[in-house]
Amino acid sequence: MKITYTTKQVTMTDEMQTYAEKKVSKLEKYFKGEPEAVVTFARERDRMTAEVTVKCDGRLFRANQTTKDMYVSVNSAVNAIERQIHKNKTRLSKSLREGAFDAAPAAESEEKDDSLMEVEVEDEYVVVRKKQFRMKPMSVEEAILEMNLLNHEFFVFRNQDDGDNFAVVYRRNNGGYGVIEPEE
């Protein structure tokens, strides 16, 4: 497994890197191909955040955990990704390695819901981040699965059931999901 490390306001020690490599590498057993992982270590005051993103065969798995100890944050993030995989194993079975679920299920750990800080600017709009990604045609159900695996509130995709038109699925506040499609 190829692992890339980034840091924000924290110095990565050899022990921290070795620990993260050991924990993240255990996710390799779930994938057919060669997965790539990005581990981001961040510190804000006395809170340590570990974000783990694993990409393999066009699928992304992401977890972000914040605790007072970086090692606990890494462990919790890896466990959260394992829970995502186990929770969606029937839908993911085509793209996961044969026998990936023969091992015992991951231990439950507490998750913290980390929300992004919103910056409010009056009279002008400031783009603070730009993302680009490949959009393959997929069904609405696959798009909802991808959105849930990424732990996002919405997901943009090309709807294979509607002539590959662009569409957006989103999580509704009162439960369920919505789809936004262009008008013809």
# chains A, B, ... in the order shown; residues from 1 in each chain; ligands from 1
call {"tool": "residues_around", "arguments": {"residues": "segment 68-71 of chain A", "least_positions_apart": "4", "cutoff": "8 Å", "atoms": "only C-alpha atoms", "output": "VMD selection string"}}
result
chain A and resid 16 19 to 20 41 46 to 50 75
call {"tool": "write_last_selection", "arguments": {"atoms": "N, CA and C atoms", "output": "PDB file, in the first residue's frame"}}
result
ATOM      1  N   MET A  16       5.142   8.037  15.125  1.00  0.00           N
ATOM      2  CA  MET A  16       3.803   8.340  14.640  1.00  0.00           C
ATOM      3  C   MET A  16       3.622   7.784  13.231  1.00  0.00           C
ATOM      4  N   TYR A  19       3.380   3.933  13.409  1.00  0.00           N
ATOM      5  CA  TYR A  19       2.080   3.534  13.948  1.00  0.00           C
ATOM      6  C   TYR A  19       0.986   3.684  12.884  1.00  0.00           C
ATOM      7  N   ALA A  20       0.976   4.839  12.201  1.00  0.00           N
ATOM      8  CA  ALA A  20      -0.036   5.086  11.174  1.00  0.00           C
ATOM      9  C   ALA A  20       0.104   4.079  10.031  1.00  0.00           C
ATOM     10  N   PHE A  41      -2.084  14.596   9.384  1.00  0.00           N
ATOM     11  CA  PHE A  41      -2.012  14.869  10.817  1.00  0.00           C
ATOM     12  C   PHE A  41      -2.175  16.374  11.007  1.00  0.00           C
ATOM     13  N   ASP A  46      -5.148  21.926  21.661  1.00  0.00           N
ATOM     14  CA  ASP A  46      -4.816  20.625  22.262  1.00  0.00           C
ATOM     15  C   ASP A  46      -5.555  19.471  21.587  1.00  0.00           C
ATOM     16  N   ARG A  47      -6.146  19.725  20.414  1.00  0.00           N
ATOM     17  CA  ARG A  47      -6.874  18.671  19.694  1.00  0.00           C
ATOM     18  C   ARG A  47      -6.036  18.158  18.534  1.00  0.00           C
ATOM     19  N   MET A  48      -5.925  16.844  18.450  1.00  0.00           N
ATOM     20  CA  MET A  48      -5.166  16.184  17.394  1.00  0.00           C
ATOM     21  C   MET A  48      -6.141  15.520  16.424  1.00  0.00           C
ATOM     22  N   THR A  49      -5.976  15.818  15.142  1.00  0.00           N
ATOM     23  CA  THR A  49      -6.867  15.283  14.123  1.00  0.00           C
ATOM     24  C   THR A  49      -6.072  14.410  13.161  1.00  0.00           C
ATOM     25  N   ALA A  50      -6.630  13.252  12.861  1.00  0.00           N
ATOM     26  CA  ALA A  50      -6.068  12.369  11.844  1.00  0.00           C
ATOM     27  C   ALA A  50      -7.151  12.149  10.797  1.00  0.00           C
ATOM     28  N   ASN A  75      -6.108   5.538  15.049  1.00  0.00           N
ATOM     29  CA  ASN A  75      -6.797   4.273  15.280  1.00  0.00           C
ATOM     30  C   ASN A  75      -8.298   4.418  15.028  1.00  0.00           C
TER      31      ASN A  75
END
call {"tool": "closest_atom_pairs", "arguments": {"of": "segment 6-90 of chain A", "to": "segment 130-154 of chain A", "cutoff": "12 Å", "atoms": "only C-alpha atoms", "output": "CSV"}}
result
residue,atom,partner,partner_atom,distance
A:Glu51,CA,A:Leu150,CA,11.8
A:Val52,CA,A:Leu150,CA,11.0
A:Thr53,CA,A:Leu150,CA,9.0
A:Val54,CA,A:Leu150,CA,10.2
A:Lys55,CA,A:Leu150,CA,10.9
A:Gly58,CA,A:Arg134,CA,8.9
A:Arg59,CA,A:Glu146,CA,7.6
A:Leu60,CA,A:Leu150,CA,6.6
A:Phe61,CA,A:Leu149,CA,5.6
A:Arg62,CA,A:Leu150,CA,5.4
A:Ala63,CA,A:Leu150,CA,7.7
A:Asn64,CA,A:Asn151,CA,9.5
A:Ala80,CA,A:Leu149,CA,10.2
A:Ile81,CA,A:Leu149,CA,8.4
A:Glu82,CA,A:Leu149,CA,10.7
A:Arg83,CA,A:Leu149,CA,10.1
A:Gln84,CA,A:Leu149,CA,6.4
A:Ile85,CA,A:Leu149,CA,8.2
A:His86,CA,A:Leu149,CA,11.1
A:Lys87,CA,A:Leu149,CA,9.7
A:Asn88,CA,A:Leu145,CA,7.9
A:Lys89,CA,A:Leu145,CA,10.9
A:Thr90,CA,A:Leu145,CA,11.2
call {"tool": "write_last_selection", "arguments": {"atoms": "C-alpha atoms", "output": "CSV table (one decimal), in the first residue's frame"}}
result
chain,number,residue,atom,x,y,z
A,51,GLU,CA,-7.7,12.2,8.4
A,52,VAL,CA,-7.3,9.0,6.5
A,53,THR,CA,-8.3,8.8,2.8
A,54,VAL,CA,-8.0,5.5,0.9
A,55,LYS,CA,-8.4,5.3,-2.8
A,58,GLY,CA,-12.1,4.4,-8.3
A,59,ARG,CA,-13.6,4.3,-4.8
A,60,LEU,CA,-12.7,6.7,-2.0
A,61,PHE,CA,-13.0,6.0,1.7
A,62,ARG,CA,-12.4,8.9,4.1
A,63,ALA,CA,-12.6,9.3,7.9
A,64,ASN,CA,-11.6,12.2,10.1
A,80,ALA,CA,-14.3,4.2,11.0
A,81,ILE,CA,-13.2,3.3,7.5
A,82,GLU,CA,-13.4,-0.4,8.4
A,83,ARG,CA,-17.0,0.2,9.7
A,84,GLN,CA,-17.9,2.0,6.4
A,85,ILE,CA,-16.6,-1.0,4.5
A,86,HIS,CA,-18.5,-3.5,6.7
A,87,LYS,CA,-21.6,-1.5,6.7
A,88,ASN,CA,-21.7,-1.4,2.9
A,89,LYS,CA,-20.1,-4.8,2.2
A,90,THR,CA,-23.0,-6.2,0.1
call {"tool": "atom_distance", "arguments": {"atom1": "atom CA of Pro182 of chain A", "atom2": "atom CA of Val126 of chain A"}}
result
26.0 Å
call {"tool": "closest_residue", "arguments": {"among": "A:Asp57, A:Leu27, A:Thr11, A:Gln17", "to": "Asn79 of chain A", "atoms": "only C-alpha atoms"}}
result
A:Leu27
call {"tool": "select_by_dssp", "arguments": {"residues": "chain A", "states": "helix (DSSP H, G or I)", "output": "number ranges by chain"}}
result
A: 14-30, 70-87, 89-92, 140-150, 160-162
call {"tool": "residues_around", "arguments": {"residues": "Asn165 of chain A", "least_positions_apart": "3", "cutoff": "9 Å", "atoms": "only C-alpha atoms", "output": "NGL selection string"}}
result
:A and (137 or 157-162 or 181-182)
call {"tool": "closest_residue", "arguments": {"among": "A:Thr13, A:Thr6, A:Thr40, A:Asn173", "to": "Thr66 of chain A", "atoms": "only C-alpha atoms"}}
result
A:Thr40
call {"tool": "closest_residue", "arguments": {"among": "A:Arg172, A:Arg129, A:Lys23, A:Lys8", "to": "Ala42 of chain A", "atoms": "only C-alpha atoms"}}
result
A:Lys8
call {"tool": "atom_distance", "arguments": {"atom1": "atom CA of Gly178 of chain A", "atom2": "atom CA of Phe155 of chain A"}}
result
10.6 Å
call {"tool": "atom_distance", "arguments": {"atom1": "atom CA of Glu15 of chain A", "atom2": "atom CA of Gly33 of chain A"}}
result
27.7 Å
call {"tool": "decode", "arguments": {"residues": "segment 132-160 of chain A", "atoms": "N, CA and C atoms", "output": "PDB file, in the first residue's frame"}}
result
ATOM      1  N   GLN A 132     -11.275  18.809  -8.297  1.00  0.00           N
ATOM      2  CA  GLN A 132     -11.554  18.192  -9.583  1.00  0.00           C
ATOM      3  C   GLN A 132     -11.535  16.684  -9.385  1.00  0.00           C
ATOM      4  N   PHE A 133     -12.472  16.012 -10.021  1.00  0.00           N
ATOM      5  CA  PHE A 133     -12.484  14.561  -9.927  1.00  0.00           C
ATOM      6  C   PHE A 133     -13.144  13.984 -11.170  1.00  0.00           C
ATOM      7  N   ARG A 134     -12.765  12.759 -11.459  1.00  0.00           N
ATOM      8  CA  ARG A 134     -13.311  12.042 -12.612  1.00  0.00           C
ATOM      9  C   ARG A 134     -14.736  11.613 -12.279  1.00  0.00           C
ATOM     10  N   MET A 135     -15.634  11.822 -13.226  1.00  0.00           N
ATOM     11  CA  MET A 135     -17.039  11.464 -13.007  1.00  0.00           C
ATOM     12  C   MET A 135     -17.420  10.345 -13.960  1.00  0.00           C
ATOM     13  N   LYS A 136     -17.580   9.162 -13.415  1.00  0.00           N
ATOM     14  CA  LYS A 136     -18.009   8.043 -14.246  1.00  0.00           C
ATOM     15  C   LYS A 136     -19.526   7.907 -14.129  1.00  0.00           C
ATOM     16  N   PRO A 137     -20.181   7.443 -15.170  1.00  0.00           N
ATOM     17  CA  PRO A 137     -21.628   7.240 -15.082  1.00  0.00           C
ATOM     18  C   PRO A 137     -21.952   6.195 -14.013  1.00  0.00           C
ATOM     19  N   MET A 138     -22.985   6.466 -13.225  1.00  0.00           N
ATOM     20  CA  MET A 138     -23.413   5.534 -12.177  1.00  0.00           C
ATOM     21  C   MET A 138     -24.892   5.723 -11.910  1.00  0.00           C
ATOM     22  N   SER A 139     -25.470   4.762 -11.211  1.00  0.00           N
ATOM     23  CA  SER A 139     -26.877   4.857 -10.847  1.00  0.00           C
ATOM     24  C   SER A 139     -27.014   5.751  -9.618  1.00  0.00           C
ATOM     25  N   VAL A 140     -28.250   6.144  -9.319  1.00  0.00           N
ATOM     26  CA  VAL A 140     -28.515   6.984  -8.149  1.00  0.00           C
ATOM     27  C   VAL A 140     -28.091   6.244  -6.882  1.00  0.00           C
ATOM     28  N   GLU A 141     -28.353   4.937  -6.813  1.00  0.00           N
ATOM     29  CA  GLU A 141     -27.988   4.160  -5.631  1.00  0.00           C
ATOM     30  C   GLU A 141     -26.469   4.141  -5.429  1.00  0.00           C
ATOM     31  N   GLU A 142     -25.711   3.984  -6.516  1.00  0.00           N
ATOM     32  CA  GLU A 142     -24.251   4.015  -6.403  1.00  0.00           C
ATOM     33  C   GLU A 142     -23.767   5.387  -5.945  1.00  0.00           C
ATOM     34  N   ALA A 143     -24.402   6.447  -6.439  1.00  0.00           N
ATOM     35  CA  ALA A 143     -24.018   7.807  -6.047  1.00  0.00           C
ATOM     36  C   ALA A 143     -24.288   8.032  -4.554  1.00  0.00           C
ATOM     37  N   ILE A 144     -25.409   7.522  -4.056  1.00  0.00           N
ATOM     38  CA  ILE A 144     -25.707   7.641  -2.620  1.00  0.00           C
ATOM     39  C   ILE A 144     -24.676   6.872  -1.810  1.00  0.00           C
ATOM     40  N   LEU A 145     -24.287   5.695  -2.285  1.00  0.00           N
ATOM     41  CA  LEU A 145     -23.259   4.903  -1.610  1.00  0.00           C
ATOM     42  C   LEU A 145     -21.949   5.678  -1.550  1.00  0.00           C
ATOM     43  N   GLU A 146     -21.525   6.254  -2.685  1.00  0.00           N
ATOM     44  CA  GLU A 146     -20.285   7.036  -2.718  1.00  0.00           C
ATOM     45  C   GLU A 146     -20.365   8.213  -1.752  1.00  0.00           C
ATOM     46  N   MET A 147     -21.503   8.911  -1.753  1.00  0.00           N
ATOM     47  CA  MET A 147     -21.686  10.059  -0.865  1.00  0.00           C
ATOM     48  C   MET A 147     -21.547   9.623   0.597  1.00  0.00           C
ATOM     49  N   ASN A 148     -22.165   8.510   0.951  1.00  0.00           N
ATOM     50  CA  ASN A 148     -22.087   8.023   2.329  1.00  0.00           C
ATOM     51  C   ASN A 148     -20.680   7.560   2.683  1.00  0.00           C
ATOM     52  N   LEU A 149     -19.971   6.935   1.748  1.00  0.00           N
ATOM     53  CA  LEU A 149     -18.604   6.495   2.019  1.00  0.00           C
ATOM     54  C   LEU A 149     -17.677   7.679   2.252  1.00  0.00           C
ATOM     55  N   LEU A 150     -17.927   8.778   1.558  1.00  0.00           N
ATOM     56  CA  LEU A 150     -17.122   9.983   1.727  1.00  0.00           C
ATOM     57  C   LEU A 150     -17.601  10.834   2.899  1.00  0.00           C
ATOM     58  N   ASN A 151     -18.750  10.470   3.469  1.00  0.00           N
ATOM     59  CA  ASN A 151     -19.341  11.208   4.585  1.00  0.00           C
ATOM     60  C   ASN A 151     -19.631  12.655   4.187  1.00  0.00           C
ATOM     61  N   HIS A 152     -20.143  12.840   2.953  1.00  0.00           N
ATOM     62  CA  HIS A 152     -20.510  14.158   2.460  1.00  0.00           C
ATOM     63  C   HIS A 152     -22.020  14.335   2.539  1.00  0.00           C
ATOM     64  N   GLU A 153     -22.456  15.577   2.419  1.00  0.00           N
ATOM     65  CA  GLU A 153     -23.885  15.878   2.435  1.00  0.00           C
ATOM     66  C   GLU A 153     -24.493  15.825   1.035  1.00  0.00           C
ATOM     67  N   PHE A 154     -23.645  15.905  -0.006  1.00  0.00           N
ATOM     68  CA  PHE A 154     -24.122  15.825  -1.379  1.00  0.00           C
ATOM     69  C   PHE A 154     -23.047  15.177  -2.245  1.00  0.00           C
ATOM     70  N   PHE A 155     -23.449  14.758  -3.452  1.00  0.00           N
ATOM     71  CA  PHE A 155     -22.497  14.131  -4.365  1.00  0.00           C
ATOM     72  C   PHE A 155     -22.946  14.415  -5.799  1.00  0.00           C
ATOM     73  N   VAL A 156     -22.032  14.901  -6.629  1.00  0.00           N
ATOM     74  CA  VAL A 156     -22.301  15.195  -8.029  1.00  0.00           C
ATOM     75  C   VAL A 156     -21.863  13.990  -8.856  1.00  0.00           C
ATOM     76  N   PHE A 157     -22.704  13.588  -9.824  1.00  0.00           N
ATOM     77  CA  PHE A 157     -22.391  12.417 -10.628  1.00  0.00           C
ATOM     78  C   PHE A 157     -23.083  12.504 -11.976  1.00  0.00           C
ATOM     79  N   ARG A 158     -22.721  11.594 -12.883  1.00  0.00           N
ATOM     80  CA  ARG A 158     -23.409  11.450 -14.164  1.00  0.00           C
ATOM     81  C   ARG A 158     -24.367  10.273 -14.043  1.00  0.00           C
ATOM     82  N   ASN A 159     -25.655  10.537 -14.228  1.00  0.00           N
ATOM     83  CA  ASN A 159     -26.705   9.542 -14.022  1.00  0.00           C
ATOM     84  C   ASN A 159     -26.820   8.638 -15.245  1.00  0.00           C
ATOM     85  N   GLN A 160     -26.383   7.380 -15.105  1.00  0.00           N
ATOM     86  CA  GLN A 160     -26.424   6.441 -16.231  1.00  0.00           C
ATOM     87  C   GLN A 160     -27.854   6.081 -16.608  1.00  0.00           C
TER      88      GLN A 160
END
